[in-house]
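**Student:** For reference, this is query34.pdb, and it has PDB, C-alpha atoms.
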```pdb
ATOM      1  CA  MET L   1      15.686  -0.363  28.241
ATOM      2  CA  GLU L   2      16.568   2.886  26.486
ATOM      3  CA  VAL L   3      18.594   3.285  23.293
ATOM      4  CA  CYS L   4      19.663   6.703  22.027
ATOM      5  CA  LEU L   5      20.243   7.048  18.283
ATOM      6  CA  ASP L   6      21.589   9.816  16.138
ATOM      7  CA  GLN L   7      20.468  10.424  12.514
ATOM      8  CA  LYS L   8      23.004   7.960  11.017
ATOM      9  CA  THR L   9      22.861   5.115  13.510
ATOM     10  CA  THR L  10      21.515   1.650  12.681
ATOM     11  CA  THR L  11      20.607  -0.446  15.702
ATOM     12  CA  ASN L  12      19.048  -3.894  16.066
ATOM     13  CA  ILE L  13      16.902  -4.507  19.127
ATOM     14  CA  GLN L  14      15.844  -8.088  19.790
ATOM     15  CA  LYS L  15      12.877  -8.797  22.058
ATOM     16  CA  THR L  16      11.456 -12.148  23.057
ATOM     17  CA  ARG L  17       7.682 -12.435  22.826
ATOM     18  CA  GLY L  18       6.472 -15.692  24.340
ATOM     19  CA  THR L  19       8.093 -18.449  22.258
ATOM     20  CA  SER L  20       8.828 -16.124  19.314
ATOM     21  CA  SER L  21      11.113 -13.148  18.853
ATOM     22  CA  PHE L  22      11.496 -10.205  16.509
ATOM     23  CA  THR L  23      14.267  -7.843  15.486
ATOM     24  CA  LEU L  24      13.471  -4.156  15.073
ATOM     25  CA  THR L  25      15.973  -2.265  12.907
ATOM     26  CA  ILE L  26      16.078   1.525  13.076
ATOM     27  CA  ARG L  27      17.850   3.178  10.120
ATOM     28  CA  ASN L  28      18.975   6.786   9.660
ATOM     29  CA  THR L  29      16.459   8.275  12.014
ATOM     30  CA  ASP L  30      15.905   9.235  15.593
ATOM     31  CA  ILE L  31      12.339   8.899  16.820
ATOM     32  CA  LEU L  32      10.488   8.238  20.010
ATOM     33  CA  MET L  33       8.657   4.912  19.792
ATOM     34  CA  GLU L  34       7.168   2.513  22.287
ATOM     35  CA  GLU L  35       5.886  -0.975  21.472
ATOM     36  CA  ILE L  36       4.309  -2.653  24.494
ATOM     37  CA  ILE L  37       4.912  -6.416  24.612
ATOM     38  CA  ASP L  38       4.237  -8.614  27.635
ATOM     39  CA  ASN L  39       3.869  -5.472  29.798
ATOM     40  CA  SER L  40       7.399  -4.286  28.926
ATOM     41  CA  ALA L  41       8.536  -1.694  26.395
ATOM     42  CA  ILE L  42      11.329  -0.560  24.104
ATOM     43  CA  GLN L  43      11.812   3.200  24.130
ATOM     44  CA  ILE L  44      13.910   5.158  21.641
ATOM     45  CA  PRO L  45      14.135   8.861  22.511
ATOM     46  CA  GLY L  46      14.146  11.325  19.651
ATOM     47  CA  SER L  47      12.096  14.001  17.986
ATOM     48  CA  SER L  48      12.112  15.337  14.446
ATOM     49  CA  ALA L  49      11.824  12.125  12.407
ATOM     50  CA  CYS L  50       8.155  11.727  13.374
ATOM     51  CA  SER L  51       6.243  14.401  11.476
ATOM     52  CA  SER L  52       2.734  15.583  12.284
ATOM     53  CA  SER L  53      -0.155  14.124  10.338
ATOM     54  CA  THR L  54      -1.590  16.511   7.769
ATOM     55  CA  GLN L  55      -4.981  14.803   7.749
ATOM     56  CA  TYR L  56      -5.596  13.428  11.228
ATOM     57  CA  THR L  57      -5.197  15.654  14.264
ATOM     58  CA  GLY L  58      -3.090  14.096  16.985
ATOM     59  CA  TYR L  59      -1.390  11.541  14.737
ATOM     60  CA  TYR L  60       2.249  11.282  13.754
ATOM     61  CA  ARG L  61       3.992   9.384  10.957
ATOM     62  CA  CYS L  62       7.085   7.247  11.463
ATOM     63  CA  VAL L  63       8.843   4.808   9.127
ATOM     64  CA  TRP L  64      11.252   2.000   9.985
ATOM     65  CA  THR L  65      12.231  -1.444   8.734
ATOM     66  CA  SER L  66      11.666  -4.782  10.382
ATOM     67  CA  SER L  67      13.166  -8.188   9.618
ATOM     68  CA  ASN L  68      10.132 -10.021  11.009
ATOM     69  CA  SER L  69       6.482  -9.389  11.615
ATOM     70  CA  LEU L  70       5.897  -7.698  14.931
ATOM     71  CA  ASP L  71       2.549  -9.462  15.170
ATOM     72  CA  ASP L  72       2.711 -13.020  13.900
ATOM     73  CA  GLY L  73       6.448 -13.733  13.557
ATOM     74  CA  SER L  74       5.970 -15.330  10.146
ATOM     75  CA  TYR L  75       6.189 -12.635   7.502
ATOM     76  CA  THR L  76       9.203 -10.551   6.449
ATOM     77  CA  TYR L  77       8.546  -6.870   5.838
ATOM     78  CA  ASN L  78      10.828  -4.397   4.105
ATOM     79  CA  ILE L  79       9.184  -1.175   5.213
ATOM     80  CA  VAL L  80       6.926  -0.798   8.215
ATOM     81  CA  VAL L  81       4.836   2.364   8.239
ATOM     82  CA  THR L  82       2.955   3.221  11.393
ATOM     83  CA  THR L  83       0.739   5.925  12.732
ATOM     84  CA  ILE L  84       1.377   6.770  16.374
ATOM     85  CA  THR L  85      -0.840   8.819  18.589
ATOM     86  CA  GLN L  86       0.337  11.796  20.569
ATOM     87  CA  ALA L  87       0.793  10.368  24.041
ATOM     88  CA  SER L  88       3.490  10.311  26.686
ATOM     89  CA  PRO L  89       5.421   8.391  25.538
ATOM     90  CA  LEU L  90       4.230   7.979  21.961
ATOM     91  CA  THR L  91       2.560   4.611  21.415
ATOM     92  CA  GLY L  92       2.526   2.830  18.077
ATOM     93  CA  SER L  93      -0.227   1.158  16.067
ATOM     94  CA  PHE L  94       1.571  -0.880  13.428
ATOM     95  CA  LYS L  95       0.497  -0.818   9.772
ATOM     96  CA  ILE L  96       2.795  -3.395   8.279
ATOM     97  CA  ALA L  97       2.009  -3.730   4.575
ATOM     98  CA  SER L  98       0.092  -1.444   2.234
ATOM     99  CA  PRO L  99      -2.590  -3.180   0.130
ATOM    100  CA  GLY L 100      -2.150  -3.468  -3.625
ATOM    101  CA  LYS L 101      -4.422  -1.877  -6.195
ATOM    102  CA  PRO L 102      -7.914  -3.391  -5.834
ATOM    103  CA  LEU L 103      -9.291  -5.720  -8.486
ATOM    104  CA  ILE L 104     -12.813  -5.074  -9.827
ATOM    105  CA  SER L 105     -14.655  -8.037 -11.337
ATOM    106  CA  ASN L 106     -16.191  -8.189 -14.827
ATOM    107  CA  VAL L 107     -14.309  -5.187 -16.188
ATOM    108  CA  ILE L 108     -14.266  -4.726 -19.974
ATOM    109  CA  GLN L 109     -11.392  -2.806 -21.568
ATOM    110  CA  LEU L 110     -13.051  -0.669 -24.269
ATOM    111  CA  ASN L 111      -9.857   1.142 -25.174
ATOM    112  CA  ALA L 112      -6.556   2.210 -23.643
ATOM    113  CA  SER L 113      -8.196   4.817 -21.417
ATOM    114  CA  ARG L 114     -11.625   3.345 -20.682
ATOM    115  CA  GLU L 115     -12.495   0.373 -18.504
ATOM    116  CA  VAL L 116     -16.191  -0.268 -17.975
ATOM    117  CA  VAL L 117     -18.617  -2.510 -16.165
ATOM    118  CA  TYR L 118     -21.858  -3.163 -18.022
ATOM    119  CA  GLY L 119     -25.301  -3.079 -16.436
ATOM    120  CA  ASN L 120     -28.919  -2.711 -17.463
ATOM    121  CA  GLU L 121     -31.039   0.270 -16.523
ATOM    122  CA  GLY L 122     -33.621  -0.789 -13.950
ATOM    123  CA  GLN L 123     -32.112  -4.254 -13.348
ATOM    124  CA  SER L 124     -30.223  -5.362 -10.231
ATOM    125  CA  LEU L 125     -26.438  -5.113 -10.546
ATOM    126  CA  THR L 126     -23.698  -6.322  -8.194
ATOM    127  CA  ILE L 127     -20.231  -4.784  -8.420
ATOM    128  CA  ARG L 128     -17.390  -6.668  -6.728
ATOM    129  CA  CYS L 129     -13.975  -5.535  -5.529
ATOM    130  CA  THR L 130     -11.080  -7.490  -4.024
ATOM    131  CA  SER L 131      -8.143  -6.019  -2.106
ATOM    132  CA  THR L 132      -5.020  -8.097  -1.478
ATOM    133  CA  GLY L 133      -1.654  -7.627   0.186
ATOM    134  CA  GLY L 134      -2.641  -5.519   3.174
ATOM    135  CA  TYR L 135      -1.593  -6.068   6.776
ATOM    136  CA  PRO L 136      -3.445  -5.717   9.041
ATOM    137  CA  THR L 137      -6.903  -5.825   7.431
ATOM    138  CA  PRO L 138      -7.460  -2.672   5.353
ATOM    139  CA  THR L 139     -10.828  -0.985   4.968
ATOM    140  CA  VAL L 140     -12.280  -1.415   1.492
ATOM    141  CA  THR L 141     -14.926   1.077   0.363
ATOM    142  CA  TRP L 142     -17.055   1.675  -2.739
ATOM    143  CA  TYR L 143     -17.679   5.289  -3.775
ATOM    144  CA  LYS L 144     -19.655   6.868  -6.602
ATOM    145  CA  ASN L 145     -18.074   9.737  -8.584
ATOM    146  CA  SER L 146     -15.492  10.774  -5.990
ATOM    147  CA  ILE L 147     -13.975   9.774  -2.677
ATOM    148  CA  SER L 148     -16.015  11.526  -0.013
ATOM    149  CA  SER L 149     -18.217  10.443   2.865
ATOM    150  CA  SER L 150     -21.341  11.639   1.046
ATOM    151  CA  ASN L 151     -20.538   9.400  -1.934
ATOM    152  CA  GLN L 152     -19.760   6.279   0.097
ATOM    153  CA  LEU L 153     -21.827   3.255  -0.952
ATOM    154  CA  ALA L 154     -20.517   0.293   1.050
ATOM    155  CA  PHE L 155     -17.462  -0.705   3.083
ATOM    156  CA  SER L 156     -15.881  -3.704   4.788
ATOM    157  CA  SER L 157     -12.990  -4.269   7.182
ATOM    158  CA  SER L 158     -13.474  -8.034   7.376
ATOM    159  CA  GLY L 159     -10.622  -9.903   5.716
ATOM    160  CA  THR L 160      -9.193 -13.392   5.314
ATOM    161  CA  LEU L 161      -5.595 -13.991   6.395
ATOM    162  CA  GLN L 162      -3.554 -15.543   3.576
ATOM    163  CA  SER L 163      -0.536 -17.853   3.744
ATOM    164  CA  ASP L 164       1.831 -14.929   3.038
ATOM    165  CA  GLY L 165       0.673 -13.111   6.169
ATOM    166  CA  THR L 166      -1.457 -10.482   4.405
ATOM    167  CA  TYR L 167      -5.218 -10.054   4.269
ATOM    168  CA  THR L 168      -7.671 -10.338   1.375
ATOM    169  CA  VAL L 169     -10.869  -8.307   1.650
ATOM    170  CA  ASN L 170     -13.839  -8.886  -0.674
ATOM    171  CA  LEU L 171     -16.541  -6.243  -0.964
ATOM    172  CA  GLN L 172     -19.661  -6.224  -3.118
ATOM    173  CA  HIS L 173     -22.386  -3.636  -3.601
ATOM    174  CA  THR L 174     -25.793  -4.495  -5.067
ATOM    175  CA  PHE L 175     -28.125  -1.810  -6.400
ATOM    176  CA  THR L 176     -30.570  -1.074  -9.209
ATOM    177  CA  PRO L 177     -28.921   1.438 -11.544
ATOM    178  CA  ALA L 178     -30.916   4.315 -13.000
ATOM    179  CA  THR L 179     -30.087   6.690 -15.825
ATOM    180  CA  SER L 180     -28.440   8.983 -13.236
ATOM    181  CA  ASP L 181     -25.823   6.249 -12.673
ATOM    182  CA  ASP L 182     -24.935   5.946 -16.348
ATOM    183  CA  ARG L 183     -21.328   6.772 -17.268
ATOM    184  CA  LYS L 184     -20.481   7.550 -13.662
ATOM    185  CA  TYR L 185     -17.261   6.340 -12.066
ATOM    186  CA  PHE L 186     -17.444   3.790  -9.284
ATOM    187  CA  ILE L 187     -14.301   3.751  -7.151
ATOM    188  CA  CYS L 188     -13.010   0.931  -4.984
ATOM    189  CA  ARG L 189     -10.565   2.153  -2.343
ATOM    190  CA  SER L 190      -8.385   0.047  -0.058
ATOM    191  CA  TYR L 191      -6.825   2.009   2.791
ATOM    192  CA  TYR L 192      -6.322   2.553   6.513
ATOM    193  CA  PRO L 193      -8.826   5.253   7.520
ATOM    194  CA  GLN L 194      -7.115   6.206  10.777
ATOM    195  CA  ALA L 195      -3.852   7.206   9.107
ATOM    196  CA  ASP L 196      -2.503   9.431   6.362
ATOM    197  CA  SER L 197      -3.275   7.601   3.137
ATOM    198  CA  ALA L 198      -0.140   8.931   1.454
ATOM    199  CA  GLN L 199       1.990   7.300   4.129
ATOM    200  CA  GLU L 200      -0.102   4.319   5.170
ATOM    201  CA  GLY L 201      -0.991   3.176   1.687
ATOM    202  CA  SER L 202      -4.188   3.894  -0.189
ATOM    203  CA  ASN L 203      -4.882   2.234  -3.512
ATOM    204  CA  ASN L 204      -7.868   3.061  -5.676
ATOM    205  CA  LYS L 205      -9.374   1.456  -8.740
ATOM    206  CA  SER L 206     -12.012   3.267 -10.813
ATOM    207  CA  VAL L 207     -14.383   1.831 -13.365
ATOM    208  CA  LEU L 208     -17.029   3.464 -15.551
ATOM    209  CA  LEU L 209     -20.569   2.119 -15.274
ATOM    210  CA  TYR L 210     -21.857   1.784 -18.817
ATOM    211  CA  LEU L 211     -25.580   1.040 -18.863
ATOM    212  CA  ARG L 212     -27.759  -0.552 -21.487
ATOM    213  CA  LEU L 213     -30.403   2.167 -21.600
ATOM    214  CA  LYS L 214     -34.071   1.533 -22.285
ATOM    215  CA  PRO L 215     -35.585   3.020 -25.443
ATOM    216  CA  ASN L 216     -38.229   5.724 -25.113
ATOM    217  CA  GLN L 217     -41.848   5.015 -25.969
ATOM    218  CA  PRO L 218     -42.019   4.860 -29.790
ATOM    219  CA  THR L 219     -44.080   7.122 -32.034
ATOM    220  CA  VAL L 220     -45.843   5.828 -35.162
ATOM    221  CA  THR L 221     -47.071   7.933 -38.072
ATOM    222  CA  GLN L 222     -48.312   7.344 -41.587
ATOM    223  CA  THR L 223     -46.273   9.717 -43.714
ATOM    224  CA  THR L 224     -49.024  10.631 -46.203
ATOM    225  CA  VAL L 225     -52.579   9.647 -47.068
ATOM    226  CA  VAL L 226     -52.589   7.364 -50.101
ATOM    227  CA  SER L 227     -55.271   5.935 -52.296
ATOM    228  CA  ALA L 228     -56.144   2.297 -52.812
ATOM    229  CA  GLY L 229     -53.661   0.613 -55.124
ATOM    230  CA  SER L 230     -50.797   2.813 -53.943
ATOM    231  CA  THR L 231     -47.960   2.142 -51.494
ATOM    232  CA  VAL L 232     -48.398   3.332 -47.944
ATOM    233  CA  THR L 233     -45.385   4.310 -45.781
ATOM    234  CA  VAL L 234     -45.476   4.081 -41.970
ATOM    235  CA  ARG L 235     -42.681   5.404 -39.767
ATOM    236  CA  CYS L 236     -41.771   4.257 -36.221
ATOM    237  CA  THR L 237     -39.232   6.196 -34.112
ATOM    238  CA  THR L 238     -37.668   5.525 -30.720
ATOM    239  CA  SER L 239     -34.710   7.230 -29.031
ATOM    240  CA  GLY L 240     -32.511   7.332 -25.939
ATOM    241  CA  CYS L 241     -31.408   3.703 -26.133
ATOM    242  CA  ARG L 242     -28.028   2.020 -25.842
ATOM    243  CA  PRO L 243     -27.351  -0.151 -27.765
ATOM    244  CA  ALA L 244     -29.699   0.518 -30.667
ATOM    245  CA  ALA L 245     -33.149  -1.032 -30.212
ATOM    246  CA  SER L 246     -34.725  -3.489 -32.657
ATOM    247  CA  ILE L 247     -38.022  -2.660 -34.371
ATOM    248  CA  SER L 248     -40.487  -4.985 -36.052
ATOM    249  CA  TRP L 249     -44.045  -4.588 -37.369
ATOM    250  CA  LEU L 250     -47.265  -6.515 -36.766
ATOM    251  CA  TYR L 251     -50.050  -6.288 -39.321
ATOM    252  CA  GLN L 252     -53.079  -8.550 -39.413
ATOM    253  CA  GLY L 253     -51.350 -11.182 -37.281
ATOM    254  CA  VAL L 254     -48.159 -11.321 -39.365
ATOM    255  CA  THR L 255     -44.784  -9.959 -38.245
ATOM    256  CA  TYR L 256     -42.747  -7.926 -40.725
ATOM    257  CA  SER L 257     -39.390  -6.163 -40.686
ATOM    258  CA  GLY L 258     -38.944  -2.680 -42.043
ATOM    259  CA  SER L 259     -36.013  -0.633 -43.283
ATOM    260  CA  THR L 260     -34.148   0.535 -40.175
ATOM    261  CA  THR L 261     -31.585   3.289 -39.596
ATOM    262  CA  ASN L 262     -29.676   3.907 -36.334
ATOM    263  CA  THR L 263     -28.442   7.437 -35.662
ATOM    264  CA  PRO L 264     -25.981   7.886 -32.779
ATOM    265  CA  ASP L 265     -25.940  10.872 -30.445
ATOM    266  CA  ALA L 266     -22.215  11.211 -29.758
ATOM    267  CA  ALA L 267     -22.676  13.509 -26.759
ATOM    268  CA  ILE L 268     -24.633  11.017 -24.657
ATOM    269  CA  GLU L 269     -23.745   7.841 -26.577
ATOM    270  CA  THR L 270     -27.330   6.791 -27.284
ATOM    271  CA  PHE L 271     -29.218   5.962 -30.469
ATOM    272  CA  THR L 272     -32.310   7.146 -32.297
ATOM    273  CA  VAL L 273     -33.803   4.273 -34.263
ATOM    274  CA  VAL L 274     -36.193   4.766 -37.192
ATOM    275  CA  SER L 275     -37.980   1.937 -39.004
ATOM    276  CA  ILE L 276     -39.901   2.463 -42.263
ATOM    277  CA  TYR L 277     -42.560  -0.048 -43.278
ATOM    278  CA  THR L 278     -44.163   0.028 -46.712
ATOM    279  CA  ARG L 279     -46.847  -2.078 -48.389
ATOM    280  CA  GLN L 280     -49.247  -1.831 -51.268
ATOM    281  CA  VAL L 281     -52.757  -1.282 -49.999
ATOM    282  CA  THR L 282     -56.305  -1.799 -51.136
ATOM    283  CA  ALA L 283     -59.560  -0.294 -49.948
ATOM    284  CA  ALA L 284     -59.811  -3.175 -47.455
ATOM    285  CA  ASP L 285     -56.731  -1.881 -45.634
ATOM    286  CA  ASN L 286     -58.416   1.374 -44.687
ATOM    287  CA  GLY L 287     -58.771   1.670 -40.904
ATOM    288  CA  GLN L 288     -56.704  -1.452 -40.187
ATOM    289  CA  SER L 289     -54.324  -1.268 -37.225
ATOM    290  CA  ILE L 290     -50.579  -1.611 -37.750
ATOM    291  CA  GLN L 291     -48.316  -1.998 -34.726
ATOM    292  CA  CYS L 292     -44.672  -1.042 -34.179
ATOM    293  CA  ILE L 293     -42.833  -3.345 -31.728
ATOM    294  CA  VAL L 294     -39.606  -2.216 -30.008
ATOM    295  CA  THR L 295     -37.360  -4.755 -28.231
ATOM    296  CA  HIS L 296     -34.161  -4.124 -26.266
ATOM    297  CA  PRO L 297     -31.990  -6.017 -23.703
ATOM    298  CA  ALA L 298     -32.761  -3.439 -20.988
ATOM    299  CA  LEU L 299     -36.514  -4.074 -21.288
ATOM    300  CA  VAL L 300     -37.808  -6.644 -18.815
ATOM    301  CA  SER L 301     -41.287  -5.712 -17.684
ATOM    302  CA  PRO L 302     -42.712  -4.991 -20.155
ATOM    303  CA  ALA L 303     -40.368  -6.946 -22.419
ATOM    304  CA  GLN L 304     -41.277  -4.758 -25.396
ATOM    305  CA  LEU L 305     -42.727  -1.370 -26.221
ATOM    306  CA  THR L 306     -45.555  -1.041 -28.752
ATOM    307  CA  ARG L 307     -47.425   1.715 -30.509
ATOM    308  CA  SER L 308     -50.153   1.394 -33.156
ATOM    309  CA  THR L 309     -51.832   3.521 -35.771
ATOM    310  CA  ASN L 310     -54.747   2.939 -38.165
ATOM    311  CA  LEU L 311     -54.060   3.081 -41.864
ATOM    312  CA  ASN L 312     -55.719   5.952 -43.681
ATOM    313  CA  ILE L 313     -56.466   4.873 -47.245
ATOM    314  CA  GLN L 314     -58.309   7.286 -49.523
ATOM    315  CA  LEU L 315     -61.221   5.587 -51.263
ATOM    316  CA  ILE L 316     -61.850   6.432 -54.908
ATOM    317  CA  VAL L 317     -65.531   6.938 -55.780
ATOM    318  CA  TYR L 318     -66.493   6.912 -59.463
ATOM    319  CA  ASP L 319     -69.339   9.035 -60.925
ATOM    320  CA  PHE L 320     -72.012   7.781 -63.340
ATOM    321  CA  VAL L 321     -69.684   8.162 -66.355
ATOM    322  CA  GLY L 322     -66.867   6.152 -64.772
ATOM    323  CA  GLN L 323     -64.638   9.067 -63.735
ATOM    324  CA  PRO L 324     -63.198   9.509 -60.259
ATOM    325  CA  SER L 325     -65.246  12.063 -58.337
TER     326      SER L 325
END
```
Please express what this file holds, its structure, as structure tokens.

**Tutor:**
Amino acid sequence: MEVCLDQKTTTNIQKTRGTSSFTLTIRNTDILMEEIIDNSAIQIPGSSACSSSTQYTGYYRCVWTSSNSLDDGSYTYNIVVTTITQASPLTGSFKIASPGKPLISNVIQLNASREVVYGNEGQSLTIRCTSTGGYPTPTVTWYKNSISSSNQLAFSSSGTLQSDGTYTVNLQHTFTPATSDDRKYFICRSYYPQADSAQEGSNNKSVLLYLRLKPNQPTVTQTTVVSAGSTVTVRCTTSGCRPAASISWLYQGVTYSGSTTNTPDAAIETFTVVSIYTRQVTAADNGQSIQCIVTHPALVSPAQLTRSTNLNIQLIVYDFVGQPS
């Protein structure tokens, strides 16, 4: 059967397919299309309405509306977008419904312009993405930084058919993030790779990976040499951490807290943490070890960082007349 259409003609073509039927409605277009069903075909001669693909050589783009699903007879579609290959005659591969914007799990809204997923440096992290509303099954892909084949992390084209006639695709990617992954965008894309994304539907969702960064190995120094009876000051410093690390002190089996300041580095959003510990000392404290202990949620093995120093207490020696020598 052949039907010739001009640019302003609307024609319904009904075709029985087994026990079901569909109605194909062509509006304001004239294209050449063939849909093979039960070894028969509907052909609509035409030309200009099918434009060449800008991304995929040998593909064309055509748009029409359909009152019923051409595949399962159960879902009503408003716009059917298809990519057809250059053949004689042109044959269609139907892409019925574009997927919606993917949903990424465990996203935290920091502000109006920043959505993040938290992870810990050096600890296993799984990022999850769900695409809904696509028909047939779209391809869902994770990318890092930008959408390119070299940045592709994982993909899936295995979906679950829902009661509304569309597919849901779940995709997860598990990895151990390093500092090079910090504050990088991870992009979930739901699309049809064999067609022009602008026409076939391509929805992306980006999220910033915001890591809890391990602190650097601390340094410990005694600020000045003091004499017995005076107050000694010991300083412990660590940097490069997010959030700010916690610092405590261990001296002669007892844990102490010092006076702590956290200084942010706005450029890389990390902290330098300084703890000051003071105590009055006697001659017996000379040479005793004092330990700085750094803890942080990104530290697992080891669970803490430590650094020690020996106290340097100046001993006062009196001469035979009772004066300090």

**Student:** With only C-alpha atoms as the counted atoms, please give the residues lying no more than 7 Å from Tyr118 in chain L, apart from itself and same-chain residues fewer than 4 positions off, as a count of residues only.

**Tutor:** 3

**Student:** List the neighbours of Gln280 in chain L out to 7 Å using all atoms listed in the file; skip same-chain residues closer than 3 positions along the sequence, and give me the result as a PyMOL selection string.

**Tutor:** chain L and resi 229-232

**Student:** Taking into account only C-alpha atoms, which residue in the set L:Thr174, L:Asn145, L:Gln314, L:Thr219 is nearest to Ile187 in chain L?

**Tutor:**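 Smallest distance to Ile187 in chain L is found for L:Asn145.
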
**Student:** For a test of reading the model, state the distance in Å between CA of His296 in chain L and CA of Asp182 in chain L, rounded to one decimal.

**Tutor:**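 So the answer is 16.9 Å.
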
**Student:** Using only C-alpha atoms, which protein or nucleic acid residues come within 12 Å of Gly253 in chain L? Drop anything in the same chain fewer than 3 positions from it, and give the result as a list in words.

**Tutor:**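 Counting only the stated atoms, we get Trp249, Leu250, Tyr256, Gln288, Ser289, Ile290 and Gln291 of chain L.
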
**Student:** Quick one: pull the distance between CA of Thr126 in chain L and CA of Ala245 in chain L, Å, one decimal.

**Tutor:**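 Separating CA of Thr126 in chain L from CA of Ala245 in chain L is a distance of 24.5 Å.
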
**Student:** Within 6 Å of Thr137 in chain L, counting all atoms listed in the file, which residues show up once you throw out same-chain ones fewer than 2 positions away? Write them as a list in words, please.

**Tutor:** Tyr135, Gly159 and Tyr167 of chain L

**Student:** Given the PyMOL selection byres ((chain L and resi 214) around 8) and the file above, list the residues it selects as a list in words.

**Tutor:** Glu121, Arg212, Leu213, Pro215, Asn216, Gly240, Cys241, Arg242, His296, Pro297, Ala298 and Leu299 of chain L

**Student:** With C-alpha atoms retained, write the just-selected residues as an mmCIF file, keeping the file's coordinate frame.

**Tutor:**
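Result file follows (out_19.cif):
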```
data_model
loop_
_atom_site.group_PDB
_atom_site.id
_atom_site.type_symbol
_atom_site.label_atom_id
_atom_site.label_comp_id
_atom_site.auth_asym_id
_atom_site.auth_seq_id
_atom_site.Cartn_x
_atom_site.Cartn_y
_atom_site.Cartn_z
ATOM 1 C CA GLU L 121 -31.039 0.270 -16.523
ATOM 2 C CA ARG L 212 -27.759 -0.552 -21.487
ATOM 3 C CA LEU L 213 -30.403 2.167 -21.600
ATOM 4 C CA PRO L 215 -35.585 3.020 -25.443
ATOM 5 C CA ASN L 216 -38.229 5.724 -25.113
ATOM 6 C CA GLY L 240 -32.511 7.332 -25.939
ATOM 7 C CA CYS L 241 -31.408 3.703 -26.133
ATOM 8 C CA ARG L 242 -28.028 2.020 -25.842
ATOM 9 C CA HIS L 296 -34.161 -4.124 -26.266
ATOM 10 C CA PRO L 297 -31.990 -6.017 -23.703
ATOM 11 C CA ALA L 298 -32.761 -3.439 -20.988
ATOM 12 C CA LEU L 299 -36.514 -4.074 -21.288
#
```

**Student:** Applied to the shown file, which residues does the PyMOL selection byres ((chain L and resi 169) around 9) return, written as a list of chain:residue names?

**Tutor:**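 On this input, the PyMOL selection byres ((chain L and resi 169) around 9) captures L:Cys129, L:Thr130, L:Ser131, L:Thr132, L:Gly134, L:Thr137, L:Pro138, L:Thr139, L:Val140, L:Ser156, L:Ser157, L:Ser158, L:Gly159, L:Thr160, L:Tyr167, L:Thr168, L:Asn170, L:Leu171, L:Ser190.
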
**Student:** Tell me which protein, DNA and RNA residues are within 12 Å of Tyr185 in chain L, counting only C-alpha atoms, leaving out same-chain ones fewer than 6 positions away, and put them as a list in words.

**Tutor:**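 Selected residues are Arg114, Glu115, Val116, Val117, Trp142, Tyr143, Lys144, Asn145, Ser146, Ile147, Asn151, Asn204, Lys205, Ser206, Val207, Leu208, Leu209, Tyr210 and Leu211 of chain L.
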
**Student:** Grab the residues selected above and save them as a CSV table (one decimal), in the frame of the given file with C-alpha atoms.

**Tutor:**
```csv
chain,number,residue,atom,x,y,z
L,114,ARG,CA,-11.6,3.3,-20.7
L,115,GLU,CA,-12.5,0.4,-18.5
L,116,VAL,CA,-16.2,-0.3,-18.0
L,117,VAL,CA,-18.6,-2.5,-16.2
L,142,TRP,CA,-17.1,1.7,-2.7
L,143,TYR,CA,-17.7,5.3,-3.8
L,144,LYS,CA,-19.7,6.9,-6.6
L,145,ASN,CA,-18.1,9.7,-8.6
L,146,SER,CA,-15.5,10.8,-6.0
L,147,ILE,CA,-14.0,9.8,-2.7
L,151,ASN,CA,-20.5,9.4,-1.9
L,204,ASN,CA,-7.9,3.1,-5.7
L,205,LYS,CA,-9.4,1.5,-8.7
L,206,SER,CA,-12.0,3.3,-10.8
L,207,VAL,CA,-14.4,1.8,-13.4
L,208,LEU,CA,-17.0,3.5,-15.6
L,209,LEU,CA,-20.6,2.1,-15.3
L,210,TYR,CA,-21.9,1.8,-18.8
L,211,LEU,CA,-25.6,1.0,-18.9
```

**Student:** Using only C-alpha atoms, can you tell me which of L:Ser308, L:Thr272, L:Ser150, L:Ser227 comes closest to Ser248 in chain L?

**Tutor:** L:Ser308

**Student:** How far is it from CA of Arg279 in chain L to CA of Thr238 in chain L, in Å with one decimal?

**Tutor:**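 Value for the CA of Arg279 in chain L-CA of Thr238 in chain L distance: 21.3 Å.
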